[in-house]
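S.K.: Below is the file start06.cif, which contains mmCIF, C-alpha atoms and all ligand atoms.
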```cif
data_input
loop_
_atom_site.group_PDB
_atom_site.id
_atom_site.type_symbol
_atom_site.label_atom_id
_atom_site.label_comp_id
_atom_site.auth_asym_id
_atom_site.auth_seq_id
_atom_site.Cartn_x
_atom_site.Cartn_y
_atom_site.Cartn_z
ATOM 1 C CA MET A 1 -23.022 14.803 -17.177
ATOM 2 C CA SER A 2 -22.035 18.363 -18.110
ATOM 3 C CA ARG A 3 -21.254 19.006 -21.760
ATOM 4 C CA ILE A 4 -17.662 19.669 -22.754
ATOM 5 C CA ALA A 5 -16.379 22.034 -25.434
ATOM 6 C CA TYR A 6 -12.948 22.433 -26.958
ATOM 7 C CA VAL A 7 -11.824 26.071 -26.869
ATOM 8 C CA ASN A 8 -8.395 27.017 -28.189
ATOM 9 C CA GLY A 9 -6.502 23.988 -26.912
ATOM 10 C CA ARG A 10 -8.540 23.161 -23.799
ATOM 11 C CA TYR A 11 -11.520 20.935 -23.070
ATOM 12 C CA LEU A 12 -13.845 22.818 -20.725
ATOM 13 C CA PRO A 13 -17.307 22.376 -19.219
ATOM 14 C CA LEU A 14 -19.741 24.363 -21.362
ATOM 15 C CA SER A 15 -20.306 26.804 -18.484
ATOM 16 C CA ASP A 16 -16.597 27.770 -18.549
ATOM 17 C CA ALA A 17 -16.167 27.602 -22.316
ATOM 18 C CA ALA A 18 -15.974 31.172 -23.640
ATOM 19 C CA VAL A 19 -14.322 33.442 -26.172
ATOM 20 C CA SER A 20 -13.613 37.151 -25.829
ATOM 21 C CA ILE A 21 -16.205 39.808 -26.722
ATOM 22 C CA GLU A 22 -13.541 41.060 -29.130
ATOM 23 C CA ASP A 23 -13.567 37.799 -31.027
ATOM 24 C CA ARG A 24 -14.036 38.593 -34.696
ATOM 25 C CA GLY A 25 -16.674 35.905 -34.965
ATOM 26 C CA TYR A 26 -18.781 37.740 -32.385
ATOM 27 C CA GLN A 27 -18.124 41.221 -33.783
ATOM 28 C CA PHE A 28 -18.091 40.642 -37.532
ATOM 29 C CA ALA A 29 -19.260 37.058 -38.158
ATOM 30 C CA ASP A 30 -15.671 36.801 -39.471
ATOM 31 C CA GLY A 31 -15.404 33.040 -39.348
ATOM 32 C CA VAL A 32 -16.357 29.733 -40.921
ATOM 33 C CA TYR A 33 -17.837 26.537 -39.569
ATOM 34 C CA GLU A 34 -18.709 22.912 -40.218
ATOM 35 C CA VAL A 35 -21.325 20.520 -38.880
ATOM 36 C CA CYS A 36 -20.761 16.754 -39.199
ATOM 37 C CA GLU A 37 -23.271 14.069 -38.409
ATOM 38 C CA VAL A 38 -22.239 11.660 -35.638
ATOM 39 C CA ARG A 39 -23.607 8.152 -35.982
ATOM 40 C CA GLY A 40 -22.780 5.321 -33.631
ATOM 41 C CA GLY A 41 -20.016 7.530 -32.167
ATOM 42 C CA LEU A 42 -18.318 7.893 -35.575
ATOM 43 C CA LEU A 43 -18.112 10.956 -37.821
ATOM 44 C CA VAL A 44 -19.995 10.838 -41.125
ATOM 45 C CA ASP A 45 -18.193 12.252 -44.187
ATOM 46 C CA GLU A 46 -15.472 13.925 -42.091
ATOM 47 C CA ARG A 47 -13.022 13.951 -45.004
ATOM 48 C CA ARG A 48 -15.382 15.941 -47.197
ATOM 49 C CA HIS A 49 -16.345 18.320 -44.383
ATOM 50 C CA LEU A 50 -12.664 19.070 -43.680
ATOM 51 C CA ALA A 51 -12.024 19.595 -47.396
ATOM 52 C CA ARG A 52 -14.900 22.114 -47.528
ATOM 53 C CA LEU A 53 -13.532 23.779 -44.384
ATOM 54 C CA ASP A 54 -10.156 24.216 -46.098
ATOM 55 C CA ARG A 55 -11.898 25.788 -49.053
ATOM 56 C CA SER A 56 -13.971 28.148 -46.862
ATOM 57 C CA LEU A 57 -10.822 29.200 -44.966
ATOM 58 C CA ARG A 58 -8.973 29.817 -48.208
ATOM 59 C CA GLU A 59 -11.864 31.887 -49.602
ATOM 60 C CA ILE A 60 -11.775 34.223 -46.581
ATOM 61 C CA GLY A 61 -7.977 34.414 -46.571
ATOM 62 C CA MET A 62 -7.255 32.298 -43.484
ATOM 63 C CA ALA A 63 -4.774 29.487 -42.952
ATOM 64 C CA ARG A 64 -5.900 26.208 -41.343
ATOM 65 C CA PRO A 65 -5.075 26.642 -37.609
ATOM 66 C CA MET A 66 -3.807 23.053 -37.212
ATOM 67 C CA SER A 67 -3.203 19.998 -39.379
ATOM 68 C CA ALA A 68 -6.175 18.014 -40.653
ATOM 69 C CA ALA A 69 -5.009 15.098 -38.475
ATOM 70 C CA ALA A 70 -4.921 17.258 -35.332
ATOM 71 C CA LEU A 71 -8.322 18.722 -36.128
ATOM 72 C CA SER A 72 -9.681 15.228 -36.590
ATOM 73 C CA VAL A 73 -8.352 14.220 -33.159
ATOM 74 C CA VAL A 74 -10.100 17.230 -31.571
ATOM 75 C CA LEU A 75 -13.397 16.437 -33.321
ATOM 76 C CA HIS A 76 -13.325 12.789 -32.204
ATOM 77 C CA GLU A 77 -12.199 13.680 -28.691
ATOM 78 C CA THR A 78 -15.026 16.193 -28.289
ATOM 79 C CA VAL A 79 -17.531 13.563 -29.445
ATOM 80 C CA ARG A 80 -15.994 11.023 -27.036
ATOM 81 C CA ARG A 81 -15.940 13.361 -24.025
ATOM 82 C CA ASN A 82 -19.599 14.237 -24.605
ATOM 83 C CA ARG A 83 -20.483 10.547 -25.074
ATOM 84 C CA VAL A 84 -22.378 11.405 -28.244
ATOM 85 C CA HIS A 85 -23.642 8.268 -29.951
ATOM 86 C CA ASP A 86 -25.944 9.895 -32.513
ATOM 87 C CA GLY A 87 -25.881 13.646 -33.041
ATOM 88 C CA ILE A 88 -23.664 16.345 -34.466
ATOM 89 C CA VAL A 89 -20.232 17.832 -33.920
ATOM 90 C CA TYR A 90 -19.827 21.573 -34.541
ATOM 91 C CA LEU A 91 -16.550 23.295 -35.435
ATOM 92 C CA GLN A 92 -16.096 27.056 -35.698
ATOM 93 C CA ILE A 93 -12.925 28.907 -36.644
ATOM 94 C CA THR A 94 -12.764 32.700 -36.514
ATOM 95 C CA ARG A 95 -10.062 35.212 -37.351
ATOM 96 C CA GLY A 96 -9.329 35.488 -33.636
ATOM 97 C CA VAL A 97 -9.412 38.176 -30.972
ATOM 98 C CA ALA A 98 -8.212 41.658 -31.877
ATOM 99 C CA ARG A 99 -8.931 45.322 -31.245
ATOM 100 C CA ARG A 100 -12.058 46.076 -33.263
ATOM 101 C CA ASP A 101 -11.070 47.095 -36.779
ATOM 102 C CA PHE A 102 -12.831 46.023 -39.960
ATOM 103 C CA ALA A 103 -9.573 45.205 -41.742
ATOM 104 C CA PHE A 104 -7.848 41.897 -40.960
ATOM 105 C CA PRO A 105 -5.884 41.874 -37.682
ATOM 106 C CA PRO A 106 -2.083 41.399 -37.677
ATOM 107 C CA ALA A 107 -1.059 38.167 -39.403
ATOM 108 C CA ASP A 108 0.201 36.626 -36.128
ATOM 109 C CA THR A 109 -3.250 36.869 -34.461
ATOM 110 C CA PRO A 110 -4.136 33.311 -33.442
ATOM 111 C CA PRO A 111 -7.470 32.109 -34.852
ATOM 112 C CA SER A 112 -10.157 30.994 -32.371
ATOM 113 C CA VAL A 113 -11.095 27.335 -32.626
ATOM 114 C CA VAL A 114 -14.203 26.025 -30.882
ATOM 115 C CA VAL A 115 -15.652 22.501 -31.111
ATOM 116 C CA SER A 116 -18.806 21.251 -29.433
ATOM 117 C CA ALA A 117 -20.914 18.124 -29.806
ATOM 118 C CA ARG A 118 -24.413 17.160 -28.854
ATOM 119 C CA GLY A 119 -26.678 14.179 -29.128
ATOM 120 C CA ASN A 120 -29.838 14.078 -31.225
ATOM 121 C CA ASP A 121 -32.954 12.149 -30.511
ATOM 122 C CA ARG A 122 -32.573 9.796 -33.479
ATOM 123 C CA ALA A 123 -36.052 8.375 -32.996
ATOM 124 C CA ARG A 124 -37.510 11.885 -33.310
ATOM 125 C CA ILE A 125 -35.688 12.527 -36.597
ATOM 126 C CA GLU A 126 -36.820 9.141 -37.929
ATOM 127 C CA GLN A 127 -40.381 10.161 -37.029
ATOM 128 C CA LEU A 128 -39.932 13.467 -38.897
ATOM 129 C CA ALA A 129 -38.703 11.565 -41.926
ATOM 130 C CA ALA A 130 -41.699 9.245 -41.729
ATOM 131 C CA ASP A 131 -44.162 12.165 -41.467
ATOM 132 C CA GLY A 132 -42.397 14.607 -43.820
ATOM 133 C CA ILE A 133 -41.904 18.292 -43.093
ATOM 134 C CA ALA A 134 -43.514 21.576 -44.151
ATOM 135 C CA VAL A 135 -41.453 24.328 -45.757
ATOM 136 C CA ILE A 136 -42.291 27.914 -46.685
ATOM 137 C CA THR A 137 -40.656 30.146 -49.312
ATOM 138 C CA VAL A 138 -39.007 33.492 -48.476
ATOM 139 C CA PRO A 139 -36.880 35.952 -50.522
ATOM 140 C CA ASP A 140 -33.168 35.072 -50.550
ATOM 141 C CA ILE A 141 -31.658 38.188 -48.968
ATOM 142 C CA ARG A 142 -28.245 36.657 -48.257
ATOM 143 C CA TRP A 143 -24.898 37.959 -49.488
ATOM 144 C CA GLN A 144 -23.544 36.765 -52.804
ATOM 145 C CA ARG A 145 -20.918 34.229 -51.671
ATOM 146 C CA VAL A 146 -23.031 31.744 -49.754
ATOM 147 C CA ASP A 147 -20.857 28.926 -51.138
ATOM 148 C CA ILE A 148 -18.457 29.872 -48.329
ATOM 149 C CA LYS A 149 -19.652 28.141 -45.161
ATOM 150 C CA SER A 150 -19.370 31.379 -43.202
ATOM 151 C CA VAL A 151 -20.984 32.158 -39.869
ATOM 152 C CA ALA A 152 -22.749 35.185 -41.443
ATOM 153 C CA LEU A 153 -26.123 33.532 -40.957
ATOM 154 C CA LEU A 154 -28.482 36.358 -39.955
ATOM 155 C CA PRO A 155 -30.661 36.071 -43.110
ATOM 156 C CA ASN A 156 -30.833 32.309 -42.564
ATOM 157 C CA VAL A 157 -31.838 32.838 -38.924
ATOM 158 C CA LEU A 158 -34.641 35.234 -39.921
ATOM 159 C CA ALA A 159 -35.884 32.836 -42.609
ATOM 160 C CA LYS A 160 -35.889 29.849 -40.237
ATOM 161 C CA GLN A 161 -37.738 31.831 -37.562
ATOM 162 C CA THR A 162 -40.402 32.895 -40.101
ATOM 163 C CA ALA A 163 -40.823 29.224 -41.012
ATOM 164 C CA ARG A 164 -41.246 28.210 -37.366
ATOM 165 C CA GLU A 165 -43.785 30.988 -36.792
ATOM 166 C CA GLN A 166 -45.793 29.654 -39.748
ATOM 167 C CA GLY A 167 -45.702 26.068 -38.498
ATOM 168 C CA ALA A 168 -43.050 24.912 -41.013
ATOM 169 C CA ARG A 169 -39.685 23.332 -40.333
ATOM 170 C CA GLU A 170 -37.655 24.912 -43.098
ATOM 171 C CA ALA A 171 -37.692 27.996 -45.350
ATOM 172 C CA TRP A 172 -36.724 27.799 -49.013
ATOM 173 C CA LEU A 173 -34.902 30.894 -50.214
ATOM 174 C CA VAL A 174 -36.099 32.368 -53.499
ATOM 175 C CA ASP A 175 -33.903 34.557 -55.728
ATOM 176 C CA ALA A 176 -34.991 37.642 -57.673
ATOM 177 C CA GLN A 177 -36.005 35.450 -60.644
ATOM 178 C CA GLY A 178 -38.405 33.404 -58.519
ATOM 179 C CA ARG A 179 -36.100 30.381 -58.354
ATOM 180 C CA VAL A 180 -35.378 28.368 -55.227
ATOM 181 C CA THR A 181 -31.690 28.490 -54.301
ATOM 182 C CA GLU A 182 -31.623 26.325 -51.149
ATOM 183 C CA GLY A 183 -33.032 26.053 -47.634
ATOM 184 C CA ALA A 184 -32.060 28.197 -44.637
ATOM 185 C CA SER A 185 -29.926 25.294 -43.375
ATOM 186 C CA SER A 186 -30.247 22.650 -46.088
ATOM 187 C CA ASN A 187 -30.105 22.056 -49.826
ATOM 188 C CA ALA A 188 -33.443 21.921 -51.662
ATOM 189 C CA TRP A 189 -34.566 19.226 -54.105
ATOM 190 C CA ILE A 190 -37.678 18.353 -56.079
ATOM 191 C CA VAL A 191 -38.748 15.368 -58.158
ATOM 192 C CA SER A 192 -40.614 16.473 -61.302
ATOM 193 C CA ARG A 193 -43.831 14.872 -62.527
ATOM 194 C CA ASP A 194 -41.778 12.822 -65.004
ATOM 195 C CA GLY A 195 -39.513 11.506 -62.241
ATOM 196 C CA LYS A 196 -36.405 13.696 -62.652
ATOM 197 C CA LEU A 197 -34.486 14.838 -59.587
ATOM 198 C CA ILE A 198 -33.785 18.559 -59.728
ATOM 199 C CA THR A 199 -31.479 20.591 -57.485
ATOM 200 C CA HIS A 200 -29.719 23.944 -57.897
ATOM 201 C CA PRO A 201 -26.244 23.632 -59.476
ATOM 202 C CA LEU A 202 -23.178 24.551 -57.455
ATOM 203 C CA GLY A 203 -21.899 28.112 -57.762
ATOM 204 C CA HIS A 204 -21.697 31.183 -55.571
ATOM 205 C CA ASP A 205 -25.401 31.128 -54.672
ATOM 206 C CA VAL A 206 -25.702 27.793 -52.808
ATOM 207 C CA LEU A 207 -23.657 26.003 -50.180
ATOM 208 C CA PRO A 208 -21.910 22.937 -51.649
ATOM 209 C CA GLY A 209 -23.652 20.566 -49.244
ATOM 210 C CA ILE A 210 -21.732 17.455 -48.275
ATOM 211 C CA THR A 211 -25.016 15.581 -47.932
ATOM 212 C CA ARG A 212 -25.972 16.872 -51.387
ATOM 213 C CA ALA A 213 -22.732 15.417 -52.815
ATOM 214 C CA VAL A 214 -23.311 12.012 -51.219
ATOM 215 C CA VAL A 215 -26.965 11.996 -52.308
ATOM 216 C CA LEU A 216 -25.731 12.581 -55.879
ATOM 217 C CA ASP A 217 -23.728 9.336 -55.510
ATOM 218 C CA VAL A 218 -26.851 7.539 -54.266
ATOM 219 C CA VAL A 219 -28.858 8.984 -57.183
ATOM 220 C CA LYS A 220 -26.271 7.601 -59.609
ATOM 221 C CA ALA A 221 -26.205 4.207 -57.887
ATOM 222 C CA GLN A 222 -30.004 3.998 -58.055
ATOM 223 C CA GLY A 223 -29.938 4.928 -61.766
ATOM 224 C CA LEU A 224 -32.220 7.939 -61.269
ATOM 225 C CA GLU A 225 -32.406 10.831 -63.721
ATOM 226 C CA LEU A 226 -30.891 14.087 -62.502
ATOM 227 C CA GLU A 227 -30.959 17.721 -63.590
ATOM 228 C CA GLU A 228 -28.667 20.140 -61.756
ATOM 229 C CA ARG A 229 -30.525 23.372 -62.518
ATOM 230 C CA ALA A 230 -32.489 26.046 -60.716
ATOM 231 C CA PHE A 231 -36.217 25.351 -60.346
ATOM 232 C CA THR A 232 -38.999 27.892 -59.785
ATOM 233 C CA VAL A 233 -41.404 28.062 -56.869
ATOM 234 C CA GLN A 234 -44.191 27.149 -59.337
ATOM 235 C CA GLU A 235 -42.302 24.000 -60.379
ATOM 236 C CA ALA A 236 -41.874 23.127 -56.717
ATOM 237 C CA TYR A 237 -45.610 23.482 -56.036
ATOM 238 C CA ALA A 238 -46.297 21.136 -58.959
ATOM 239 C CA ALA A 239 -43.574 18.608 -58.065
ATOM 240 C CA ARG A 240 -44.261 14.964 -57.401
ATOM 241 C CA GLU A 241 -41.885 15.025 -54.415
ATOM 242 C CA ALA A 242 -39.670 17.458 -52.562
ATOM 243 C CA PHE A 243 -37.008 17.019 -49.915
ATOM 244 C CA VAL A 244 -34.112 18.716 -48.121
ATOM 245 C CA THR A 245 -30.603 17.478 -47.349
ATOM 246 C CA SER A 246 -28.177 18.427 -44.563
ATOM 247 C CA ALA A 247 -25.666 16.745 -42.286
ATOM 248 C CA SER A 248 -27.954 17.032 -39.282
ATOM 249 C CA GLN A 249 -31.080 15.611 -40.963
ATOM 250 C CA ILE A 250 -29.681 13.640 -43.949
ATOM 251 C CA VAL A 251 -32.699 13.437 -46.289
ATOM 252 C CA LEU A 252 -36.011 14.813 -45.011
ATOM 253 C CA PRO A 253 -39.089 14.548 -47.216
ATOM 254 C CA VAL A 254 -41.083 17.775 -47.681
ATOM 255 C CA VAL A 255 -44.836 17.237 -47.749
ATOM 256 C CA SER A 256 -45.997 20.848 -48.058
ATOM 257 C CA ILE A 257 -44.652 24.134 -49.452
ATOM 258 C CA ASP A 258 -46.336 27.391 -48.471
ATOM 259 C CA GLY A 259 -49.244 25.326 -47.181
ATOM 260 C CA ARG A 260 -49.808 23.457 -50.488
ATOM 261 C CA PRO A 261 -49.494 19.685 -50.362
ATOM 262 C CA ILE A 262 -46.696 18.221 -52.501
ATOM 263 C CA GLY A 263 -47.589 15.089 -54.475
ATOM 264 C CA ASN A 264 -50.101 13.174 -52.393
ATOM 265 C CA GLY A 265 -49.045 15.036 -49.232
ATOM 266 C CA ALA A 266 -46.983 12.141 -47.865
ATOM 267 C CA PRO A 267 -43.196 11.469 -47.968
ATOM 268 C CA GLY A 268 -42.229 10.449 -51.505
ATOM 269 C CA LEU A 269 -40.817 7.098 -52.563
ATOM 270 C CA ILE A 270 -37.600 8.547 -54.011
ATOM 271 C CA ALA A 271 -36.796 10.690 -50.959
ATOM 272 C CA THR A 272 -37.460 7.722 -48.709
ATOM 273 C CA ALA A 273 -35.204 5.455 -50.797
ATOM 274 C CA LEU A 274 -32.392 8.042 -50.833
ATOM 275 C CA ARG A 275 -32.615 8.356 -47.054
ATOM 276 C CA ARG A 276 -32.592 4.584 -46.645
ATOM 277 C CA ASP A 277 -29.412 4.138 -48.732
ATOM 278 C CA TYR A 278 -27.540 7.264 -47.623
ATOM 279 C CA HIS A 279 -25.186 5.732 -45.075
ATOM 280 C CA ARG A 280 -24.104 2.994 -47.493
ATOM 281 C CA HIS A 281 -22.468 5.725 -49.571
ATOM 282 C CA ALA A 282 -21.253 7.978 -46.755
ATOM 283 C CA GLU A 283 -17.866 7.581 -45.050
ATOM 284 C CA LEU A 284 -17.609 6.780 -41.343
ATOM 285 C CA SER A 285 -14.493 7.650 -39.386
HETATM 286 N N1 LIG A 301 -26.229 23.476 -42.362
HETATM 287 N N2 LIG A 301 -27.251 25.028 -47.122
HETATM 288 C C1 LIG A 301 -27.121 25.727 -45.984
HETATM 289 C C2 LIG A 301 -27.414 27.203 -45.993
HETATM 290 C C3 LIG A 301 -26.705 25.070 -44.796
HETATM 291 O O1 LIG A 301 -26.547 25.767 -43.663
HETATM 292 C C4 LIG A 301 -26.476 23.662 -44.829
HETATM 293 C C5 LIG A 301 -26.028 22.883 -43.606
HETATM 294 C C6 LIG A 301 -26.630 22.984 -46.043
HETATM 295 C C7 LIG A 301 -26.349 21.501 -46.181
HETATM 296 O O2 LIG A 301 -24.955 21.248 -46.112
HETATM 297 P P1 LIG A 301 -24.386 19.858 -45.517
HETATM 298 O O3 LIG A 301 -25.045 18.796 -46.277
HETATM 299 O O4 LIG A 301 -22.921 19.931 -45.749
HETATM 300 O O5 LIG A 301 -24.761 19.825 -44.052
HETATM 301 C C8 LIG A 301 -27.014 23.702 -47.176
HETATM 302 C C9 LIG A 301 -25.688 22.845 -41.162
HETATM 303 C C10 LIG A 301 -26.190 21.460 -40.931
HETATM 304 C C11 LIG A 301 -25.917 23.776 -39.978
HETATM 305 O O6 LIG A 301 -25.656 24.946 -40.153
HETATM 306 O O7 LIG A 301 -26.292 23.321 -38.882
#
```
Just give me the structure of the file as structure tokens.
M.R.:
Amino acid sequence: MSRIAYVNGRYLPLSDAAVSIEDRGYQFADGVYEVCEVRGGLLVDERRHLARLDRSLREIGMARPMSAAALSVVLHETVRRNRVHDGIVYLQITRGVARRDFAFPPADTPPSVVVSARGNDRARIEQLAADGIAVITVPDIRWQRVDIKSVALLPNVLAKQTAREQGAREAWLVDAQGRVTEGASSNAWIVSRDGKLITHPLGHDVLPGITRAVVLDVVKAQGLELEERAFTVQEAYAAREAFVTSASQIVLPVVSIDGRPIGNGAPGLIATALRRDYHRHAELS
């Protein structure tokens, strides 16, 4: 079965799905995106992802190209047409196609809207969660408004590639003060020796992860102690546990950072419990 993508009002086989070379996403990374988990054919936390999309659009001075209800129909229809049971749905909105000029194009330029969906091998992700993943640390060279879910991801791409080349699955980005901000495509968490969960607070220097928000609900429900503050690389090396969160992986335990084992080098109890309870707190639609 060939994969289908939604492109500006039409559902097309992936081989015919295209945008212009003058699309501002292609030329300037002038666009925003969302990734939602798909589970059992339903969207996980769609409401929160669409709320973050609205915020990202607002922050880059764009209007939502269609109503939330219409967007929801397109997301579900793309999942349905691709027969995705477990996987992700990807939505990208750019400032449209226009003669190349750094300044915004005329206000009547239609935005480009692309949606695609693909299945994941759920068993493989469960295996990753059972084994735990390795991460490395790299300098955070991104721009200063990474709270906007923009497609300007080149620093993230370079960080992720460095991780892969060093046999790790994720890179943790480190600011000029030696503190971990987040992962290349995930939020970063540690559990301190005295059992406190620590993750970077929201602000301009981390993406407000939807999975992060739901995990905070799980943390509260489990009565765990939480500190929303930046933590250093040294604290991470000494942590009892570490893990990452994102819509595509939910909660993945980290068992090594820069080649040093974390805790006893196996997935931690807290990360495993948060992963287990996640979907009880998430919304399915
Ligand atoms: N990435 N931080 C960054 C830089 C991210 O790219 C992501 C998600 C997250 C976690 O956000 P959420 O929990 O809302 O997925 C944090 C998605 C999955 C991606 O780009 O594929």
S.K.: Can you tell me, as lines of an AutoDock Vina configuration file, the centre and edge lengths (Å, one decimal) of the axis-aligned box enclosing all of ligand LIG 301 (chain A)'s listed atoms after padding each side by 8 Å?
M.R.:
```
center_x = -25.2
center_y = 23.0
center_z = -43.0
size_x = 20.5
size_y = 24.4
size_z = 24.3
```
S.K.: If you apply the PyMOL selection byres (((not hetatm)) within 9 of (chain A and resi 301)) to this file, what residues do you get, as a PyMOL selection string?
M.R.: chain A and resi 33-37+48-49+52+88+90+146-147+149+151+153+156+182-188+206-214+244-250
S.K.: Restricting the calculation to all atoms listed in the file, which member of A:Ile270, A:Ala171, A:Val255, A:Ile262 is positioned closest to Glu225 of chain A?
M.R.: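 So, comparing all the options, the nearest one is A:Ile270.
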S.K.: Which distance in Å separates atom CA of Val7 of chain A and atom CA of Ile21 of chain A, to one decimal?
M.R.: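 A separation of 14.4 Å between them.
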S.K.: Considering all atoms listed in the file, can you say which of A:Asp30, A:Asp23, A:Glu126, A:Asp205 comes closest to Ala152 of chain A?
M.R.: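 Ranking A:Asp30, A:Asp23, A:Glu126, A:Asp205 by distance to Ala152 of chain A, first place goes to A:Asp30.
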S.K.: Which residues would end up in the selection if the PyMOL selection byres (((chain A and resi 193-195) around 12) and not hetatm) were applied here, given that I need the answer as a list of chain:residue names?
M.R.: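 Output from the PyMOL selection byres (((chain A and resi 193-195) around 12) and not hetatm), applied to this file: A:Ile190, A:Val191, A:Ser192, A:Lys196, A:Leu197, A:Ile198, A:Gly223, A:Leu224, A:Glu225, A:Leu226, A:Glu227, A:Glu235, A:Ala236, A:Tyr237, A:Ala238, A:Ala239, A:Arg240, A:Glu241, A:Ala242, A:Ile262, A:Gly263, A:Gly268, A:Leu269, A:Ile270, A:Ala271.
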